[in-house]
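**Student:** Structure: query_32.txt, compact mmCIF, C-alpha atoms.
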# COMPACT_ATOMS: atom_id res chain seq x y z
CA MET V 1 49.74 158.60 92.94
CA TRP V 2 46.93 156.07 93.42
CA LYS V 3 44.30 158.81 93.10
CA TYR V 4 45.50 159.49 89.56
CA ALA V 5 45.89 155.75 88.91
CA MET V 6 42.24 155.16 89.86
CA LEU V 7 41.09 158.00 87.58
CA LEU V 8 43.11 156.53 84.72
CA LEU V 9 41.67 153.06 85.38
CA LEU V 10 38.19 154.57 85.45
CA SER V 11 38.81 156.24 82.08
CA LEU V 12 40.15 153.01 80.57
CA GLY V 13 37.31 150.98 82.09
CA VAL V 14 34.54 153.22 80.78
CA SER V 15 36.14 153.23 77.33
CA ASN V 16 36.54 149.42 77.38
CA ILE V 17 32.92 148.73 78.35
CA GLY V 18 31.75 151.15 75.67
CA GLY V 19 34.02 149.41 73.17
CA TRP V 20 32.36 146.04 73.79
CA VAL V 21 28.90 147.57 73.44
CA TYR V 22 30.01 149.25 70.19
CA LEU V 23 31.55 146.06 68.76
CA ILE V 24 28.48 143.89 69.39
CA ALA V 25 26.11 146.58 68.12
CA LEU V 26 28.20 147.18 65.01
CA ASN V 27 28.18 143.46 64.18
CA LEU V 28 24.40 143.37 64.42
CA ILE V 29 23.95 146.54 62.36
CA VAL V 30 26.15 145.23 59.52
CA LEU V 31 24.47 141.81 59.64
CA GLN V 32 21.04 143.48 59.59
CA GLU V 33 22.02 145.67 56.63
CA THR V 34 23.67 142.93 54.55
CA GLY V 35 22.48 139.57 55.88
CA SER V 36 26.05 138.35 55.21
CA PRO V 37 28.39 136.77 57.81
CA LEU V 38 31.25 137.61 55.44
CA ALA V 39 30.38 141.30 55.67
CA VAL V 40 30.60 141.02 59.46
CA GLY V 41 33.90 139.15 59.19
CA LEU V 42 35.38 142.00 57.15
CA LEU V 43 35.02 144.24 60.20
CA TYR V 44 37.74 142.20 61.94
CA ILE V 45 40.45 142.86 59.36
CA ILE V 46 39.96 146.62 59.52
CA ALA V 47 41.90 146.95 62.80
CA PRO V 48 45.15 145.35 61.52
CA ILE V 49 44.80 147.35 58.27
CA ALA V 50 44.53 150.53 60.36
CA ALA V 51 47.64 149.46 62.28
CA LEU V 52 49.54 149.05 59.01
CA LEU V 53 48.49 152.54 57.90
CA THR V 54 49.49 154.28 61.15
CA ASN V 55 52.28 152.38 62.86
CA THR V 56 55.07 153.57 60.57
CA TRP V 57 54.58 157.19 61.68
CA SER V 58 52.41 157.26 64.82
CA GLY V 59 55.31 156.43 67.14
CA SER V 60 57.13 159.56 65.96
CA LEU V 61 54.03 161.59 66.79
CA ILE V 62 53.51 159.98 70.21
CA ASP V 63 57.10 160.41 71.41
CA ARG V 64 56.99 164.11 70.55
CA ALA V 65 53.46 164.85 71.78
CA ASN V 66 51.70 165.71 75.01
CA THR V 67 50.32 162.18 75.48
CA ARG V 68 47.49 163.25 77.80
CA ARG V 69 46.24 165.82 75.29
CA LEU V 70 46.65 163.33 72.44
CA MET V 71 44.56 160.72 74.29
CA ILE V 72 41.81 163.26 74.98
CA VAL V 73 41.71 164.43 71.35
CA LEU V 74 41.57 160.84 70.09
CA ASP V 75 38.72 159.99 72.51
CA VAL V 76 36.72 162.98 71.27
CA ILE V 77 37.41 162.17 67.61
CA ARG V 78 36.32 158.55 68.10
CA ALA V 79 33.20 159.67 69.98
CA VAL V 80 32.14 161.99 67.15
CA LEU V 81 32.80 159.36 64.46
CA ILE V 82 30.86 156.70 66.37
CA ILE V 83 27.88 158.97 66.99
CA ILE V 84 27.70 159.64 63.23
CA ILE V 85 27.55 155.91 62.30
CA PRO V 86 23.76 155.49 62.80
CA LEU V 87 23.22 158.39 60.39
CA LEU V 88 25.21 156.84 57.54
CA PRO V 89 23.28 155.81 54.39
CA SER V 90 25.04 152.51 53.55
CA VAL V 91 27.43 149.81 54.78
CA VAL V 92 30.23 151.18 52.58
CA TYR V 93 30.22 154.41 54.60
CA ILE V 94 30.11 152.38 57.82
CA TYR V 95 33.27 150.51 56.80
CA PHE V 96 34.99 153.81 56.05
CA PHE V 97 34.07 155.29 59.44
CA VAL V 98 35.11 152.08 61.20
CA LEU V 99 38.48 152.41 59.47
CA LEU V 100 38.82 156.00 60.73
CA ILE V 101 37.88 154.88 64.25
CA ASN V 102 40.45 152.09 64.12
CA LEU V 103 43.10 154.53 62.89
CA ALA V 104 42.46 156.54 66.06
CA ASN V 105 42.52 153.32 68.13
CA ALA V 106 45.88 152.36 66.63
CA ILE V 107 47.38 155.65 67.83
CA SER V 108 45.56 155.71 71.16
CA ALA V 109 46.82 152.30 72.37
CA PRO V 110 50.58 153.09 72.32
CA ALA V 111 49.91 156.66 73.49
CA SER V 112 48.10 155.36 76.59
CA ALA V 113 50.92 152.85 77.20
CA VAL V 114 53.46 155.68 77.19
CA TYR V 115 51.28 157.82 79.47
CA ILE V 116 50.75 154.95 81.91
CA THR V 117 54.49 154.27 82.09
CA LYS V 118 55.26 157.92 82.83
CA LEU V 119 52.46 158.33 85.37
CA ILE V 120 52.85 155.08 87.36
CA PRO V 121 56.10 154.57 89.32
CA LYS V 122 58.07 151.46 88.44
CA GLU V 123 57.39 149.73 91.76
CA ASN V 124 53.61 150.05 91.25
CA ARG V 125 53.34 149.08 87.58
CA GLN V 126 52.82 145.35 88.03
CA ARG V 127 49.96 145.93 90.47
CA PHE V 128 48.48 148.60 88.18
CA ASN V 129 48.64 146.26 85.17
CA ALA V 130 46.91 143.54 87.18
CA LEU V 131 44.16 146.00 88.15
CA ARG V 132 43.91 147.07 84.53
CA GLY V 133 43.46 143.41 83.57
CA PHE V 134 40.67 143.12 86.13
CA ILE V 135 38.96 146.24 84.73
CA HIS V 136 39.32 144.87 81.21
CA SER V 137 37.86 141.50 82.22
CA SER V 138 34.95 143.22 83.95
CA GLY V 139 34.31 145.09 80.71
CA THR V 140 34.39 141.78 78.85
CA MET V 141 31.46 140.61 80.96
CA LEU V 142 29.62 143.89 81.56
CA GLY V 143 29.85 145.15 77.95
CA PRO V 144 27.85 142.31 76.36
CA ALA V 145 25.37 142.39 79.27
CA ILE V 146 24.79 146.13 78.86
CA ALA V 147 24.51 145.66 75.10
CA GLY V 148 21.86 142.99 75.61
CA ILE V 149 19.81 145.26 77.87
CA LEU V 150 20.07 148.12 75.37
CA PHE V 151 18.99 145.86 72.50
CA TYR V 152 16.00 144.76 74.59
CA VAL V 153 14.82 148.26 75.52
CA GLY V 154 16.02 150.04 72.40
CA SER V 155 18.16 149.10 69.39
CA PRO V 156 21.80 148.56 68.33
CA TYR V 157 21.84 152.22 67.32
CA MET V 158 21.15 153.23 70.92
CA ALA V 159 24.14 151.11 71.95
CA ILE V 160 26.29 152.94 69.38
CA TYR V 161 25.29 156.30 70.85
CA LEU V 162 26.12 155.01 74.34
CA ASN V 163 29.67 154.19 73.24
CA GLY V 164 30.07 157.74 71.94
CA VAL V 165 28.98 159.07 75.34
CA ALA V 166 31.37 156.61 77.08
CA LEU V 167 34.32 157.95 75.09
CA LEU V 168 33.41 161.55 75.95
CA LEU V 169 33.22 160.50 79.62
CA SER V 170 36.63 158.84 79.28
CA ALA V 171 38.05 162.08 77.89
CA ALA V 172 36.53 164.00 80.83
CA PHE V 173 38.33 161.72 83.31
CA LEU V 174 41.60 162.26 81.42
CA LEU V 175 41.19 166.02 81.86
CA LEU V 176 41.55 165.47 85.62
CA LEU V 177 44.93 163.78 85.20
CA PRO V 178 48.29 165.58 85.21
CA VAL V 179 50.56 166.29 82.24
CA VAL V 180 53.54 163.94 82.54
CA ASP V 181 55.53 164.84 79.41
CA ALA V 182 58.50 167.14 79.56
CA PRO V 183 58.64 169.75 76.78
CA ILE V 184 60.28 168.13 73.76
CA GLU V 185 62.17 170.03 71.13
CA ARG V 186 60.91 169.39 67.64
CA ALA V 187 63.05 167.41 65.24
CA LYS V 188 65.24 169.58 63.03
CA SER V 189 64.17 167.88 59.80
CA THR V 190 60.93 169.23 58.42
CA ARG V 191 60.46 166.31 56.05
CA ARG V 192 58.15 163.71 57.53
CA PHE V 193 59.61 160.79 55.53
CA GLU V 194 63.15 161.60 56.63
CA GLN V 195 61.99 161.82 60.24
CA ILE V 196 60.28 158.42 60.04
CA GLN V 197 63.42 156.88 58.52
CA ALA V 198 65.54 158.34 61.31
CA ASP V 199 63.11 157.07 63.96
CA ILE V 200 63.14 153.53 62.54
CA LYS V 201 66.95 153.57 62.60
CA THR V 202 66.82 154.76 66.23
CA VAL V 203 64.57 151.85 67.23
CA VAL V 204 66.72 149.33 65.32
CA SER V 205 69.84 150.73 66.98
CA TYR V 206 68.21 150.41 70.41
CA CYS V 207 67.22 146.79 69.68
CA LYS V 208 70.79 145.96 68.68
CA ARG V 209 72.06 147.35 71.99
CA SER V 210 69.23 145.84 74.05
CA VAL V 211 69.07 142.33 72.65
CA TYR V 212 67.27 140.90 75.68
CA VAL V 213 64.47 143.46 75.35
CA PHE V 214 64.25 142.73 71.63
CA TYR V 215 63.96 138.98 72.23
CA VAL V 216 61.32 139.24 74.95
CA TYR V 217 59.15 141.79 73.15
CA GLY V 218 59.55 139.79 69.95
CA LEU V 219 58.15 136.79 71.84
CA PHE V 220 55.19 138.96 72.90
CA VAL V 221 54.52 139.73 69.23
CA PHE V 222 54.55 136.01 68.42
CA VAL V 223 52.23 135.30 71.35
CA THR V 224 49.76 137.98 70.20
CA VAL V 225 49.82 136.70 66.62
CA PHE V 226 49.22 133.07 67.60
CA MET V 227 46.47 133.97 70.07
CA THR V 228 44.67 136.10 67.48
CA ALA V 229 44.94 133.45 64.77
CA ILE V 230 43.76 130.65 67.10
CA ASP V 231 40.95 132.80 68.50
CA SER V 232 39.69 133.40 64.96
CA LEU V 233 38.75 129.69 64.87
CA GLU V 234 37.02 129.64 68.25
CA ALA V 235 33.46 130.49 67.18
CA SER V 236 33.58 128.06 64.25
CA PHE V 237 34.99 125.33 66.50
CA ALA V 238 32.24 125.83 69.07
CA LYS V 239 29.45 125.90 66.49
CA LEU V 240 30.65 123.28 63.97
CA GLU V 241 32.74 120.84 66.05
CA LEU V 242 31.01 121.02 69.44
CA MET V 243 27.60 121.75 67.89
CA LEU V 244 26.79 124.46 70.46
CA SER V 245 23.79 126.73 70.03
CA ASP V 246 24.16 130.51 70.10
CA ALA V 247 23.01 130.55 73.74
CA GLU V 248 25.45 127.77 74.69
CA TYR V 249 28.30 129.58 72.94
CA GLY V 250 27.47 132.76 74.87
CA PHE V 251 27.43 130.69 78.08
CA LEU V 252 30.86 129.28 77.15
CA LEU V 253 32.33 132.75 76.65
CA SER V 254 31.10 133.87 80.07
CA PHE V 255 33.56 131.39 81.61
CA PHE V 256 36.39 133.13 79.77
CA GLY V 257 35.42 136.32 81.61
CA ILE V 258 35.26 134.44 84.93
CA GLY V 259 38.76 133.06 84.34
CA ILE V 260 40.11 136.55 83.61
CA ILE V 261 38.52 138.02 86.73
CA VAL V 262 39.92 135.28 89.01
CA GLY V 263 43.37 135.48 87.40
CA SER V 264 43.42 139.29 87.63
CA LEU V 265 42.49 139.24 91.32
CA ILE V 266 45.31 136.78 92.05
CA ASN V 267 47.71 139.00 90.10
CA VAL V 268 46.63 142.02 92.15
CA ARG V 269 46.93 140.12 95.44
CA PHE V 270 50.39 138.68 94.74
CA ALA V 271 51.80 141.47 92.57
CA LYS V 272 54.82 141.96 94.86
CA SER V 273 55.78 138.30 95.03
CA LEU V 274 55.23 137.22 91.41
CA LYS V 275 58.31 137.89 89.29
CA VAL V 276 57.83 139.39 85.84
CA GLU V 277 60.00 136.69 84.25
CA THR V 278 57.82 133.97 85.82
CA LEU V 279 54.65 135.63 84.56
CA ILE V 280 56.06 135.82 81.04
CA GLY V 281 57.49 132.30 80.76
CA TYR V 282 55.04 130.14 82.64
CA GLY V 283 52.07 132.36 81.79
CA THR V 284 52.74 131.77 78.09
CA VAL V 285 53.18 128.00 78.48
CA MET V 286 50.08 127.53 80.62
CA THR V 287 47.96 129.68 78.28
CA ALA V 288 49.05 127.40 75.43
CA VAL V 289 48.14 124.32 77.51
CA ALA V 290 44.71 125.88 78.07
CA TYR V 291 44.25 126.30 74.30
CA VAL V 292 45.19 122.64 73.79
CA THR V 293 42.55 121.72 76.41
CA LEU V 294 39.93 123.66 74.46
CA TYR V 295 40.74 122.15 71.08
CA VAL V 296 40.84 118.55 72.32
CA ALA V 297 37.37 119.04 73.84
CA THR V 298 34.58 116.86 72.52
CA ASP V 299 31.88 118.16 74.85
CA GLN V 300 30.85 121.41 76.50
CA VAL V 301 32.27 120.53 79.94
CA VAL V 302 35.87 120.14 78.72
CA ALA V 303 35.45 123.23 76.52
CA ILE V 304 34.34 125.23 79.57
CA ILE V 305 37.44 124.07 81.46
CA GLY V 306 39.66 125.07 78.53
CA VAL V 307 38.08 128.50 78.06
CA THR V 308 38.20 129.24 81.80
CA LEU V 309 41.89 128.29 81.93
CA ILE V 310 42.64 130.49 78.90
CA GLY V 311 41.06 133.48 80.66
CA PHE V 312 42.86 132.65 83.91
CA PHE V 313 46.40 132.20 82.57
CA VAL V 314 46.27 134.95 79.94
CA THR V 315 46.11 137.52 82.76
CA PHE V 316 49.52 136.37 84.01
CA LEU V 317 50.95 136.48 80.50
CA ASN V 318 49.61 139.99 79.77
CA THR V 319 50.65 141.43 83.13
CA GLY V 320 54.17 140.04 82.68
CA TYR V 321 54.76 141.39 79.19
CA LEU V 322 53.13 144.78 79.91
CA THR V 323 55.23 145.30 83.05
CA PHE V 324 58.37 144.15 81.24
CA TYR V 325 58.29 146.65 78.41
CA GLN V 326 57.17 149.47 80.72
CA ASN V 327 60.26 148.86 82.85
CA ALA V 328 62.68 148.07 80.03
CA VAL V 329 61.97 150.47 77.16
CA PRO V 330 62.86 154.16 77.66
CA THR V 331 59.70 156.27 77.75
CA SER V 332 61.25 158.73 75.27
CA LEU V 333 61.43 155.88 72.73
CA MET V 334 58.39 153.80 73.72
CA GLY V 335 55.92 155.18 71.18
CA ARG V 336 58.22 154.53 68.22
CA PHE V 337 59.28 151.13 69.63
CA MET V 338 55.68 149.92 70.06
CA SER V 339 54.54 151.34 66.73
CA LEU V 340 57.29 149.66 64.72
CA PHE V 341 56.67 146.30 66.38
CA GLY V 342 52.92 146.92 66.02
CA PHE V 343 53.34 147.31 62.26
CA LEU V 344 55.12 143.96 62.03
CA GLU V 345 52.54 142.40 64.34
CA ALA V 346 49.63 143.60 62.18
CA LEU V 347 51.24 142.12 59.06
CA ALA V 348 51.76 138.80 60.83
CA ILE V 349 48.20 138.76 62.24
CA ILE V 350 46.68 139.22 58.77
CA LEU V 351 48.98 136.54 57.30
CA PHE V 352 48.50 133.92 60.02
CA THR V 353 44.76 134.50 60.37
CA VAL V 354 44.32 133.92 56.63
CA ILE V 355 46.59 130.84 56.72
CA PHE V 356 44.76 129.36 59.71
CA GLY V 357 41.40 130.05 58.06
CA VAL V 358 42.41 128.39 54.77
CA MET V 359 43.94 125.41 56.58
CA ALA V 360 40.85 125.02 58.78
CA HIS V 361 38.71 124.87 55.65
CA ALA V 362 41.05 122.32 54.03
CA ILE V 363 41.99 119.95 56.89
CA GLY V 364 39.60 120.71 59.75
CA ILE V 365 39.17 123.30 62.51
CA ARG V 366 40.16 121.02 65.40
CA LEU V 367 43.46 119.94 63.83
CA VAL V 368 44.48 123.49 62.92
CA GLY V 369 43.53 124.71 66.41
CA LEU V 370 45.69 121.97 67.97
CA VAL V 371 48.64 122.65 65.66
CA GLY V 372 48.42 126.39 66.43
CA SER V 373 48.22 125.66 70.16
CA VAL V 374 51.31 123.39 70.01
CA LEU V 375 53.26 126.09 68.13
CA PHE V 376 52.09 128.55 70.79
CA PHE V 377 53.35 126.12 73.47
CA THR V 378 56.76 126.06 71.74
CA VAL V 379 56.91 129.86 71.95
CA GLY V 380 56.18 129.49 75.69
CA LEU V 381 59.11 127.09 76.13
CA VAL V 382 61.37 129.58 74.34
CA ALA V 383 60.05 132.33 76.65
CA ILE V 384 60.97 130.26 79.73
CA HIS V 385 64.44 129.60 78.30
CA VAL V 386 65.05 133.26 77.42
CA THR V 387 63.85 134.63 80.76
CA LYS V 388 65.76 132.02 82.79
CA ARG V 389 68.97 132.90 80.98
CA LYS V 390 68.34 136.58 81.56
CA LYS V 391 71.42 138.75 81.31
CA ARG V 392 71.85 142.40 82.02
CA HIS V 393 71.22 143.98 78.67
CA SER V 394 73.17 146.99 77.48
CA GLY V 395 70.11 149.14 76.87
CA VAL V 396 68.88 151.95 79.08
CA ARG V 397 65.82 151.64 81.32
CA ASN V 398 63.64 154.71 81.12
CA ASP V 399 66.68 156.99 81.19
CA GLU V 400 65.48 160.36 79.97
CA SER V 401 69.07 161.64 79.87
CA ILE V 402 69.62 159.67 76.67
CA ASP V 403 68.65 161.56 73.53
CA TYR V 404 66.29 159.45 71.44
CA GLU V 405 65.13 162.34 69.30
Have the structure of the file written as C-alpha cells, please.

**Tutor:**
Amino acid sequence: MWKYAMLLLLSLGVSNIGGWVYLIALNLIVLQETGSPLAVGLLYIIAPIAALLTNTWSGSLIDRANTRRLMIVLDVIRAVLIIIIPLLPSVVYIYFFVLLINLANAISAPASAVYITKLIPKENRQRFNALRGFIHSSGTMLGPAIAGILFYVGSPYMAIYLNGVALLLSAAFLLLLPVVDAPIERAKSTRRFEQIQADIKTVVSYCKRSVYVFYVYGLFVFVTVFMTAIDSLEASFAKLELMLSDAEYGFLLSFFGIGIIVGSLINVRFAKSLKVETLIGYGTVMTAVAYVTLYVATDQVVAIIGVTLIGFFVTFLNTGYLTFYQNAVPTSLMGRFMSLFGFLEALAIILFTVIFGVMAHAIGIRLVGLVGSVLFFTVGLVAIHVTKRKKRHSGVRNDESIDYE
C-alpha cells in the first residue's frame, strides 16, 4: 500500500511545486503586461468563480467516473493550457485560459480526495494526510525558490513552461497507480439537470441523516472562508502597517513554511496518538490564536512568531478535517458532497473577502484582521464543543453497499 501512497504523494508534490512556480510567474507576467496591481488581484477571484461554475455538476461526474483516469486527463489538459499561456497575445486571453485552468483545478481537487480515500486504508489516512501536509509545505518553500532561480537564469515564461512539464510528470506518476473504482452503472435519467437535482437531494438527505458529519464539515467550510478572507489582508498588513520591504515580507513568509514543516513532521510522528477530534477542535482554536498574534504585532519579531504559529497549527487543523471527512463520508457520495459544499464555500469566500477588503479600507487593516481572527476563534470554540459532544451519527461510513446513485 505504501508504495502506491508514495507514488501518489510524489505526483501531488510535483504538481504542488509546479503550481507555486506557475502562480508567481503568472503574477509577474500580468503585472509586466498591465503595470496594475488590480489586474494581478483579479487573478485571485478566478478560482472561486471557477468553483461556482463547476461545483453544481462536477460531483455527479466524479462519483460516476474512473477517478484515476479523470485525474490524469485533467493534469494533461492543465499542462496543455499552461504551456499555451506564453503564446497568448493579450491579458484578456490570459484571464480566459486561467479560468479554464481553474475549472480543471476545481474538478481535480475533489476527484483526488475521492481517489485518496479509496486507495489509502482508513487506519493509514491520518498519517498519509500528515505526509501530504509536509509535501505541501515543502512545495510552499521550494516553489518560490525554484521560481526565483528560473527568473534569474531565464524568465517568468520559462517558469510557466516548467509547470506544464510538472503536470505531465504528475500524470505519468498517476499512470503507475491502480484503478480503485468499481464499475458504476450510469444513471437512468439522460437529462443532466434532472441528474444534478437528484444528486443535490441525495446529499441533502445524507446530511439530514448524518447531522454530526454535516456540523463538522460545515465548520470546516467556515474555517476555510475565514482563513481565506483574513489571509487576503496579510500582504497589505505587512506592507502598510508593519512597513516591511518586499524582501522583509518574503523573509516573513518563509517562517510560515517553517511552521508548516515542523507541524507536519509532528503530525506524522504522532499520527497514531493524536485523535482526529482533538486536531479539529484545538487545531482550529490555536490557529485563530496565531492569527490574533499576527494582527496585534507592531514589529517584525512578533509578526514572525504569529506567522510561524499559523503555519504550525494549521497543519493540525487540516489533517484533522481531511481525515474526518475521508472516514465519515461514503466514497460513493464524496464527490457530490464535496462539490456541493465547495459551491457554498466559494460563494462565501467571494462575499467575505469583499466585505473584509471594504472594511479594511474604511476602518483599518489591523482592526479588521483582529475582528476576523476573533470570529475565527469563536468557530474554534464551537468546533471543540461539537467534537467533545460527539455522538454516533446515523450516517454510513464508506459503506459501498448503500446505493447513492

**Student:** Pick from V:Ile261, V:Leu370, V:Met334, V:Val296: nearest to Pro110 in chain V, with only C-alpha atoms counted?

**Tutor:**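 Of V:Ile261, V:Leu370, V:Met334, V:Val296, the one nearest Pro110 in chain V is V:Met334, counting only C-alpha atoms.
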
**Student:** Mind listing as a list in words all residues within 8 Å of (51.5, 137.8, 79.3), counting all atoms listed in the file?

**Tutor:** Phe220, Leu279, Ile280, Gly283, Thr284, Val314, Thr315, Phe316, Leu317, Asn318, Thr319, Gly320, Tyr321 and Leu322 of chain V

**Student:** Enumerate, as a PyMOL selection string, the protein, DNA and RNA residues whose atoms approach (52.6, 157.7, 75.7) to within 8 Å, taking into account all atoms listed in the file and the coordinate frame of the file.

**Tutor:** chain V and resi 62-63+67-68+110-118+331+334-335

**Student:** Residues near Gln197 in chain V, anyone? I mean within 12 Å using only C-alpha atoms, not counting same-chain ones fewer than 2 positions away, as a short mmCIF file (atom, residue, chain, number, x, y, z; two decimals) with C-alpha atoms, keeping the file's coordinate frame.

**Tutor:**
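So result_31.cif came out as:
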data_model
loop_
_atom_site.label_atom_id
_atom_site.label_comp_id
_atom_site.auth_asym_id
_atom_site.auth_seq_id
_atom_site.Cartn_x
_atom_site.Cartn_y
_atom_site.Cartn_z
CA THR V 56 55.07 153.57 60.57
CA TRP V 57 54.58 157.19 61.68
CA GLY V 59 55.31 156.43 67.14
CA SER V 60 57.13 159.56 65.96
CA SER V 189 64.17 167.88 59.80
CA ARG V 191 60.46 166.31 56.05
CA ARG V 192 58.15 163.71 57.53
CA PHE V 193 59.61 160.79 55.53
CA GLU V 194 63.15 161.60 56.63
CA GLN V 195 61.99 161.82 60.24
CA ASP V 199 63.11 157.07 63.96
CA ILE V 200 63.14 153.53 62.54
CA LYS V 201 66.95 153.57 62.60
CA THR V 202 66.82 154.76 66.23
CA VAL V 203 64.57 151.85 67.23
CA VAL V 204 66.72 149.33 65.32
CA ARG V 336 58.22 154.53 68.22
CA LEU V 340 57.29 149.66 64.72
#

**Student:** Against range 346-356 of chain V, which residues of range 38-146 of chain V fall within 10 Å? For each one I want the closest pair of atoms and the distance in Å (one decimal), counting all atoms listed in the file, rows by chain and increasing residue number, as a tab-separated table.

**Tutor:**
residue	atom	partner	partner_atom	distance
V:Tyr44	CA	V:Ile350	CA	9.9
V:Ile45	CA	V:Ile350	CA	7.2
V:Ala47	CA	V:Ala346	CA	8.4
V:Pro48	CA	V:Ala346	CA	4.9
V:Ile49	CA	V:Ala346	CA	7.3
V:Ala50	CA	V:Ala346	CA	8.8
V:Ala51	CA	V:Ala346	CA	6.2
V:Leu52	CA	V:Ala346	CA	6.3
V:Leu53	CA	V:Ala346	CA	10.0
V:Asn55	CA	V:Ala346	CA	9.2

**Student:** Could you check how far CA of Gly19 in chain V sits from CA of Ile305 in chain V, in Å to one decimal?

**Tutor:** 26.9 Å

**Student:** So, with only C-alpha atoms as the atoms that count, which of V:Gln326, V:Ser373, V:Thr387, V:Ser245 lies closest to Gln126 in chain V?

**Tutor:**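 Counting only C-alpha atoms, the residue closest to Gln126 in chain V is V:Gln326.
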
**Student:** Compile a residue-level contact table for range 185-300 of chain V against range 377-385 of chain V at a cut-off of 9 Å, reporting for every qualifying residue the shortest atom pair and its distance in Å to one decimal, with all atoms listed in the file counted, rows ordered by chain and ascending number, as JSON lines.

**Tutor:**
{"residue": "V:Tyr215", "atom": "CA", "partner": "V:Ala383", "partner_atom": "CA", "distance": 8.9}
{"residue": "V:Val216", "atom": "CA", "partner": "V:Ala383", "partner_atom": "CA", "distance": 7.2}
{"residue": "V:Leu219", "atom": "CA", "partner": "V:Ala383", "partner_atom": "CA", "distance": 6.8}
{"residue": "V:Phe222", "atom": "CA", "partner": "V:Val379", "partner_atom": "CA", "distance": 7.5}
{"residue": "V:Val223", "atom": "CA", "partner": "V:Val379", "partner_atom": "CA", "distance": 7.2}
{"residue": "V:Glu277", "atom": "CA", "partner": "V:Ile384", "partner_atom": "CA", "distance": 7.9}
{"residue": "V:Thr278", "atom": "CA", "partner": "V:Ile384", "partner_atom": "CA", "distance": 7.8}
{"residue": "V:Ile280", "atom": "CA", "partner": "V:Ala383", "partner_atom": "CA", "distance": 6.9}
{"residue": "V:Gly281", "atom": "CA", "partner": "V:Ile384", "partner_atom": "CA", "distance": 4.2}
{"residue": "V:Tyr282", "atom": "CA", "partner": "V:Ile384", "partner_atom": "CA", "distance": 6.6}
{"residue": "V:Gly283", "atom": "CA", "partner": "V:Gly380", "partner_atom": "CA", "distance": 7.9}
{"residue": "V:Thr284", "atom": "CA", "partner": "V:Gly380", "partner_atom": "CA", "distance": 4.8}
{"residue": "V:Val285", "atom": "CA", "partner": "V:Gly380", "partner_atom": "CA", "distance": 4.4}
{"residue": "V:Met286", "atom": "CA", "partner": "V:Phe377", "partner_atom": "CA", "distance": 8.0}
{"residue": "V:Thr287", "atom": "CA", "partner": "V:Phe377", "partner_atom": "CA", "distance": 8.1}
{"residue": "V:Ala288", "atom": "CA", "partner": "V:Phe377", "partner_atom": "CA", "distance": 4.9}
{"residue": "V:Val289", "atom": "CA", "partner": "V:Phe377", "partner_atom": "CA", "distance": 6.8}
{"residue": "V:Val292", "atom": "CA", "partner": "V:Phe377", "partner_atom": "CA", "distance": 8.9}
